[in-house]
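Before any comments, here is the structure.
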Amino acid sequence: MVAPPPPKLKPNPTTAVFILLLFLHHTAASDHPDAAPLLLFKSTADPQNSILTSWNSTSDPCSSWAGVSCIRDRVARLVLENFNLQNSLPSSIASLTHLRVLSLKQNAFSGQIPDLSNLTALKLLFISHNRFSGEFPPSLTSLSKLYRLDLSYNNFSGEIPLALNRLTHLLTLRLEENSFAGAISAINLPNLQDFNVSGNELAGEVPRSFSGFPASSFWGMMNPRISDCTC
């Protein structure tokens, strides 16, 4: 006796839709242009995967990753303050070319700042209260859209570069409690509203354009005096 053929299974539309959505979700996360740089950042800053636990390869950075905000599906804000992140700042962060705000305040990052010149959309940079070292990061002077810059409470050293004058939109410059040395007499940033270089090893004249800031902004300078130059 010939056995009857097995019944044909009817496709379950609910299951099909679920599989399709799962596939699209995974594909969207894998193909997101900013996911790989962020995951490289995480592998250095959180090597034990104990802090940035929402950052993973199966979720969308723009919808569920802590500290990440997007505009038009590109990462525009990365705000990770007081997260106890550590080690050096990975150079992969420079691949976030749509970044407008980067705040890594009050962590345990160390070492030198990588080249950030690709972050041409960056407007706010806050990396205070870390352990960064080395000279003033030269790539920062090319970020023409910056208007808030806070490098305070780190271990930076060397001179404050004259190339800082290129940042004509700068409203905030916080460099206090580092080891910067030399003079600031040639710094010309007429739009500054918030300025502090106290707790460094600076000396010499204070530009007349800085005369409106309180003496506490220059605490620790050797023989500070207002420049007679009106140029």
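By order in the structure tokens, chains are A, B, ...; within a chain, residues start at 1; ligands start at 1, following the order shown.
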
Contacts of stretch 211-216 of chain A at 9 Å (only C-alpha atoms; same-chain gap of 2+ positions) as a VMD selection string:
chain A and resid 193 to 198 206 to 209 218 to 220 226

Could you name the residues that touch stretch 85-91 of chain A at 7 Å or less, counting only C-alpha atoms, but leaving out those on the same chain fewer than 3 positions away, as a PDB file with N, CA and C atoms, in the first residue's frame?
ATOM      1  N   PHE A  41      35.610  52.120  19.070  1.00  0.00           N
ATOM      2  CA  PHE A  41      35.736  52.997  20.238  1.00  0.00           C
ATOM      3  C   PHE A  41      35.433  52.222  21.517  1.00  0.00           C
ATOM      4  N   THR A  44      38.078  49.707  22.940  1.00  0.00           N
ATOM      5  CA  THR A  44      39.195  50.309  23.677  1.00  0.00           C
ATOM      6  C   THR A  44      38.740  50.919  24.990  1.00  0.00           C
ATOM      7  N   ALA A  45      37.655  51.682  24.941  1.00  0.00           N
ATOM      8  CA  ALA A  45      37.213  52.423  26.120  1.00  0.00           C
ATOM      9  C   ALA A  45      36.501  51.559  27.147  1.00  0.00           C
ATOM     10  N   ASP A  46      35.912  50.469  26.706  1.00  0.00           N
ATOM     11  CA  ASP A  46      35.180  49.569  27.594  1.00  0.00           C
ATOM     12  C   ASP A  46      35.528  48.121  27.242  1.00  0.00           C
ATOM     13  N   ALA A  94      37.370  59.629  14.689  1.00  0.00           N
ATOM     14  CA  ALA A  94      37.467  60.612  13.615  1.00  0.00           C
ATOM     15  C   ALA A  94      36.672  60.210  12.386  1.00  0.00           C
ATOM     16  N   ASN A 107      35.915  61.074  32.766  1.00  0.00           N
ATOM     17  CA  ASN A 107      36.216  59.670  32.557  1.00  0.00           C
ATOM     18  C   ASN A 107      37.670  59.427  32.952  1.00  0.00           C
ATOM     19  N   ALA A 108      38.263  58.388  32.443  1.00  0.00           N
ATOM     20  CA  ALA A 108      39.657  58.074  32.776  1.00  0.00           C
ATOM     21  C   ALA A 108      40.480  57.860  31.508  1.00  0.00           C
ATOM     22  N   PHE A 109      40.131  58.598  30.453  1.00  0.00           N
ATOM     23  CA  PHE A 109      40.910  58.510  29.221  1.00  0.00           C
ATOM     24  C   PHE A 109      42.316  59.065  29.455  1.00  0.00           C
ATOM     25  N   SER A 110      43.284  58.534  28.717  1.00  0.00           N
ATOM     26  CA  SER A 110      44.672  58.974  28.875  1.00  0.00           C
ATOM     27  C   SER A 110      45.351  58.996  27.510  1.00  0.00           C
ATOM     28  N   GLY A 111      46.600  59.453  27.507  1.00  0.00           N
ATOM     29  CA  GLY A 111      47.355  59.505  26.259  1.00  0.00           C
ATOM     30  C   GLY A 111      47.031  60.733  25.438  1.00  0.00           C
ATOM     31  N   ILE A 113      45.565  62.988  22.157  1.00  0.00           N
ATOM     32  CA  ILE A 113      44.353  63.063  21.348  1.00  0.00           C
ATOM     33  C   ILE A 113      44.712  62.719  19.897  1.00  0.00           C
ATOM     34  N   PRO A 114      43.983  61.810  19.282  1.00  0.00           N
ATOM     35  CA  PRO A 114      44.279  61.478  17.876  1.00  0.00           C
ATOM     36  C   PRO A 114      43.897  62.612  16.943  1.00  0.00           C
ATOM     37  N   ASP A 115      44.240  62.472  15.691  1.00  0.00           N
ATOM     38  CA  ASP A 115      43.901  63.469  14.683  1.00  0.00           C
ATOM     39  C   ASP A 115      42.382  63.516  14.503  1.00  0.00           C
TER      40      ASP A 115
END

Residues at most 6 Å from A:Gln112, counting only C-alpha atoms, excluding those fewer than 2 positions away in the same chain, as JSON, numbers by chain?
{"A": [132, 133, 134]}

With N, CA and C atoms retained, write the just-selected residues as a PDB file, in the first residue's frame.
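For reference, again.pdb as written:
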ATOM      1  N   PHE A 132      44.280  63.030  29.736  1.00  0.00           N
ATOM      2  CA  PHE A 132      44.930  63.246  28.446  1.00  0.00           C
ATOM      3  C   PHE A 132      46.248  63.995  28.639  1.00  0.00           C
ATOM      4  N   SER A 133      47.211  63.722  27.749  1.00  0.00           N
ATOM      5  CA  SER A 133      48.532  64.338  27.864  1.00  0.00           C
ATOM      6  C   SER A 133      49.044  64.726  26.482  1.00  0.00           C
ATOM      7  N   GLY A 134      50.284  65.214  26.461  1.00  0.00           N
ATOM      8  CA  GLY A 134      50.866  65.668  25.205  1.00  0.00           C
ATOM      9  C   GLY A 134      50.617  67.148  24.986  1.00  0.00           C
TER      10      GLY A 134
END

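One finds atom CA of A:Thr141 at 27.0 Å from atom CA of A:Leu39.
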
List the neighbours of A:Ser128 out to 7 Å using only C-alpha atoms; skip same-chain residues closer than 3 positions along the sequence, and give me the result as a VMD selection string.
chain A and resid 105 to 106 150 to 154

May I have the residues within 8 Å of A:Arg166 as a PDB file with C-alpha atoms, in the first residue's frame, using only C-alpha atoms and disregarding those fewer than 2 positions away in the same chain?
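Done, and the output landed in around38.pdb:
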ATOM      1  CA  THR A 141      42.844  74.288  15.302  1.00  0.00           C
ATOM      2  CA  SER A 142      41.438  73.177  11.932  1.00  0.00           C
ATOM      3  CA  SER A 144      36.527  75.997  12.102  1.00  0.00           C
ATOM      4  CA  ALA A 163      46.898  78.613  15.250  1.00  0.00           C
ATOM      5  CA  LEU A 164      44.114  78.740  17.840  1.00  0.00           C
ATOM      6  CA  THR A 168      37.063  82.688  14.996  1.00  0.00           C
TER       7      THR A 168
END

Would you list the contacts of stretch 119-121 of chain A as a PDB file with N, CA, C and O atoms, in the first residue's frame, taking every protein, DNA or RNA residue within 12 Å and counting only C-alpha atoms, but skipping same-chain residues closer than 3 positions in sequence?
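Generated file (result_12.pdb):
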ATOM      1  N   VAL A  75      25.319  59.730  13.235  1.00  0.00           N
ATOM      2  CA  VAL A  75      25.627  60.116  14.609  1.00  0.00           C
ATOM      3  C   VAL A  75      26.056  61.572  14.656  1.00  0.00           C
ATOM      4  O   VAL A  75      27.056  61.957  14.035  1.00  0.00           O
ATOM      5  N   ALA A  76      25.287  62.380  15.406  1.00  0.00           N
ATOM      6  CA  ALA A  76      25.566  63.806  15.519  1.00  0.00           C
ATOM      7  C   ALA A  76      26.024  64.206  16.915  1.00  0.00           C
ATOM      8  O   ALA A  76      26.692  65.224  17.069  1.00  0.00           O
ATOM      9  N   ARG A  77      25.663  63.406  17.916  1.00  0.00           N
ATOM     10  CA  ARG A  77      26.054  63.698  19.301  1.00  0.00           C
ATOM     11  C   ARG A  77      26.552  62.414  19.962  1.00  0.00           C
ATOM     12  O   ARG A  77      25.894  61.380  19.873  1.00  0.00           O
ATOM     13  N   SER A  91      41.382  56.326  17.453  1.00  0.00           N
ATOM     14  CA  SER A  91      41.351  57.173  16.259  1.00  0.00           C
ATOM     15  C   SER A  91      40.095  56.944  15.431  1.00  0.00           C
ATOM     16  O   SER A  91      39.742  57.780  14.591  1.00  0.00           O
ATOM     17  N   SER A  92      39.398  55.830  15.665  1.00  0.00           N
ATOM     18  CA  SER A  92      38.177  55.549  14.907  1.00  0.00           C
ATOM     19  C   SER A  92      37.117  56.611  15.111  1.00  0.00           C
ATOM     20  O   SER A  92      36.217  56.763  14.279  1.00  0.00           O
ATOM     21  N   ILE A  93      37.227  57.375  16.183  1.00  0.00           N
ATOM     22  CA  ILE A  93      36.221  58.398  16.450  1.00  0.00           C
ATOM     23  C   ILE A  93      36.231  59.476  15.363  1.00  0.00           C
ATOM     24  O   ILE A  93      35.222  60.141  15.116  1.00  0.00           O
ATOM     25  N   ALA A  94      37.370  59.629  14.689  1.00  0.00           N
ATOM     26  CA  ALA A  94      37.467  60.612  13.615  1.00  0.00           C
ATOM     27  C   ALA A  94      36.672  60.210  12.386  1.00  0.00           C
ATOM     28  O   ALA A  94      36.501  61.010  11.461  1.00  0.00           O
ATOM     29  N   SER A  95      36.173  58.981  12.355  1.00  0.00           N
ATOM     30  CA  SER A  95      35.335  58.534  11.242  1.00  0.00           C
ATOM     31  C   SER A  95      33.879  58.969  11.392  1.00  0.00           C
ATOM     32  O   SER A  95      33.086  58.795  10.468  1.00  0.00           O
ATOM     33  N   LEU A  96      33.535  59.536  12.546  1.00  0.00           N
ATOM     34  CA  LEU A  96      32.158  60.011  12.768  1.00  0.00           C
ATOM     35  C   LEU A  96      32.042  61.420  12.189  1.00  0.00           C
ATOM     36  O   LEU A  96      31.938  62.420  12.909  1.00  0.00           O
ATOM     37  N   THR A  97      32.050  61.503  10.885  1.00  0.00           N
ATOM     38  CA  THR A  97      32.209  62.779  10.190  1.00  0.00           C
ATOM     39  C   THR A  97      31.013  63.719  10.299  1.00  0.00           C
ATOM     40  O   THR A  97      31.114  64.879   9.910  1.00  0.00           O
ATOM     41  N   HIS A  98      29.882  63.231  10.833  1.00  0.00           N
ATOM     42  CA  HIS A  98      28.718  64.094  11.028  1.00  0.00           C
ATOM     43  C   HIS A  98      28.580  64.554  12.479  1.00  0.00           C
ATOM     44  O   HIS A  98      27.598  65.198  12.833  1.00  0.00           O
ATOM     45  N   LEU A  99      29.592  64.242  13.288  1.00  0.00           N
ATOM     46  CA  LEU A  99      29.530  64.561  14.712  1.00  0.00           C
ATOM     47  C   LEU A  99      29.542  66.071  14.942  1.00  0.00           C
ATOM     48  O   LEU A  99      30.397  66.784  14.422  1.00  0.00           O
ATOM     49  N   ARG A 100      28.588  66.534  15.746  1.00  0.00           N
ATOM     50  CA  ARG A 100      28.513  67.948  16.094  1.00  0.00           C
ATOM     51  C   ARG A 100      28.879  68.202  17.547  1.00  0.00           C
ATOM     52  O   ARG A 100      29.370  69.273  17.886  1.00  0.00           O
ATOM     53  N   VAL A 101      28.604  67.225  18.394  1.00  0.00           N
ATOM     54  CA  VAL A 101      28.867  67.359  19.828  1.00  0.00           C
ATOM     55  C   VAL A 101      29.609  66.116  20.308  1.00  0.00           C
ATOM     56  O   VAL A 101      29.160  64.990  20.089  1.00  0.00           O
ATOM     57  N   LEU A 102      30.742  66.335  20.969  1.00  0.00           N
ATOM     58  CA  LEU A 102      31.503  65.239  21.580  1.00  0.00           C
ATOM     59  C   LEU A 102      31.823  65.639  23.010  1.00  0.00           C
ATOM     60  O   LEU A 102      32.546  66.609  23.246  1.00  0.00           O
ATOM     61  N   PRO A 114      43.983  61.810  19.282  1.00  0.00           N
ATOM     62  CA  PRO A 114      44.279  61.478  17.876  1.00  0.00           C
ATOM     63  C   PRO A 114      43.897  62.612  16.943  1.00  0.00           C
ATOM     64  O   PRO A 114      43.287  63.608  17.364  1.00  0.00           O
ATOM     65  N   ASP A 115      44.240  62.472  15.691  1.00  0.00           N
ATOM     66  CA  ASP A 115      43.901  63.469  14.683  1.00  0.00           C
ATOM     67  C   ASP A 115      42.382  63.516  14.503  1.00  0.00           C
ATOM     68  O   ASP A 115      41.757  62.539  14.080  1.00  0.00           O
ATOM     69  N   LEU A 116      41.788  64.654  14.816  1.00  0.00           N
ATOM     70  CA  LEU A 116      40.339  64.817  14.700  1.00  0.00           C
ATOM     71  C   LEU A 116      39.958  65.766  13.570  1.00  0.00           C
ATOM     72  O   LEU A 116      38.829  66.250  13.515  1.00  0.00           O
ATOM     73  N   LEU A 124      30.920  71.430  19.474  1.00  0.00           N
ATOM     74  CA  LEU A 124      31.173  71.396  20.912  1.00  0.00           C
ATOM     75  C   LEU A 124      32.094  70.232  21.234  1.00  0.00           C
ATOM     76  O   LEU A 124      31.810  69.092  20.858  1.00  0.00           O
ATOM     77  N   LEU A 125      33.183  70.523  21.952  1.00  0.00           N
ATOM     78  CA  LEU A 125      34.126  69.481  22.360  1.00  0.00           C
ATOM     79  C   LEU A 125      34.445  69.666  23.838  1.00  0.00           C
ATOM     80  O   LEU A 125      35.048  70.661  24.231  1.00  0.00           O
ATOM     81  N   SER A 139      45.255  69.151  15.629  1.00  0.00           N
ATOM     82  CA  SER A 139      44.149  69.031  14.684  1.00  0.00           C
ATOM     83  C   SER A 139      42.947  69.876  15.092  1.00  0.00           C
ATOM     84  O   SER A 139      42.112  70.229  14.247  1.00  0.00           O
ATOM     85  N   LEU A 140      42.861  70.235  16.374  1.00  0.00           N
ATOM     86  CA  LEU A 140      41.705  71.011  16.829  1.00  0.00           C
ATOM     87  C   LEU A 140      41.662  72.399  16.205  1.00  0.00           C
ATOM     88  O   LEU A 140      40.584  72.974  16.038  1.00  0.00           O
ATOM     89  N   THR A 141      42.813  72.932  15.857  1.00  0.00           N
ATOM     90  CA  THR A 141      42.844  74.288  15.302  1.00  0.00           C
ATOM     91  C   THR A 141      42.297  74.353  13.878  1.00  0.00           C
ATOM     92  O   THR A 141      42.128  75.434  13.332  1.00  0.00           O
ATOM     93  N   SER A 142      42.015  73.199  13.278  1.00  0.00           N
ATOM     94  CA  SER A 142      41.438  73.177  11.932  1.00  0.00           C
ATOM     95  C   SER A 142      39.925  73.038  11.954  1.00  0.00           C
ATOM     96  O   SER A 142      39.283  73.079  10.900  1.00  0.00           O
ATOM     97  N   LEU A 143      39.348  72.876  13.142  1.00  0.00           N
ATOM     98  CA  LEU A 143      37.896  72.660  13.256  1.00  0.00           C
ATOM     99  C   LEU A 143      37.197  74.022  13.333  1.00  0.00           C
ATOM    100  O   LEU A 143      36.853  74.516  14.410  1.00  0.00           O
ATOM    101  N   SER A 144      36.961  74.600  12.190  1.00  0.00           N
ATOM    102  CA  SER A 144      36.527  75.997  12.102  1.00  0.00           C
ATOM    103  C   SER A 144      35.138  76.256  12.668  1.00  0.00           C
ATOM    104  O   SER A 144      34.786  77.407  12.941  1.00  0.00           O
ATOM    105  N   LYS A 145      34.331  75.211  12.870  1.00  0.00           N
ATOM    106  CA  LYS A 145      32.977  75.411  13.393  1.00  0.00           C
ATOM    107  C   LYS A 145      32.905  75.326  14.917  1.00  0.00           C
ATOM    108  O   LYS A 145      31.834  75.542  15.492  1.00  0.00           O
ATOM    109  N   LEU A 146      34.026  75.039  15.562  1.00  0.00           N
ATOM    110  CA  LEU A 146      34.028  74.929  17.018  1.00  0.00           C
ATOM    111  C   LEU A 146      33.647  76.250  17.666  1.00  0.00           C
ATOM    112  O   LEU A 146      34.186  77.302  17.318  1.00  0.00           O
ATOM    113  N   TYR A 147      32.738  76.185  18.637  1.00  0.00           N
ATOM    114  CA  TYR A 147      32.509  77.379  19.445  1.00  0.00           C
ATOM    115  C   TYR A 147      32.518  77.090  20.948  1.00  0.00           C
ATOM    116  O   TYR A 147      32.433  78.014  21.740  1.00  0.00           O
TER     117      TYR A 147
END

If you run DSSP on this backbone, which residues of stretch 79-177 of chain A come out as helix (DSSP H, G or I), and could you give them as a PyMOL selection string?
chain A and resi 91-95+138-142+162-166
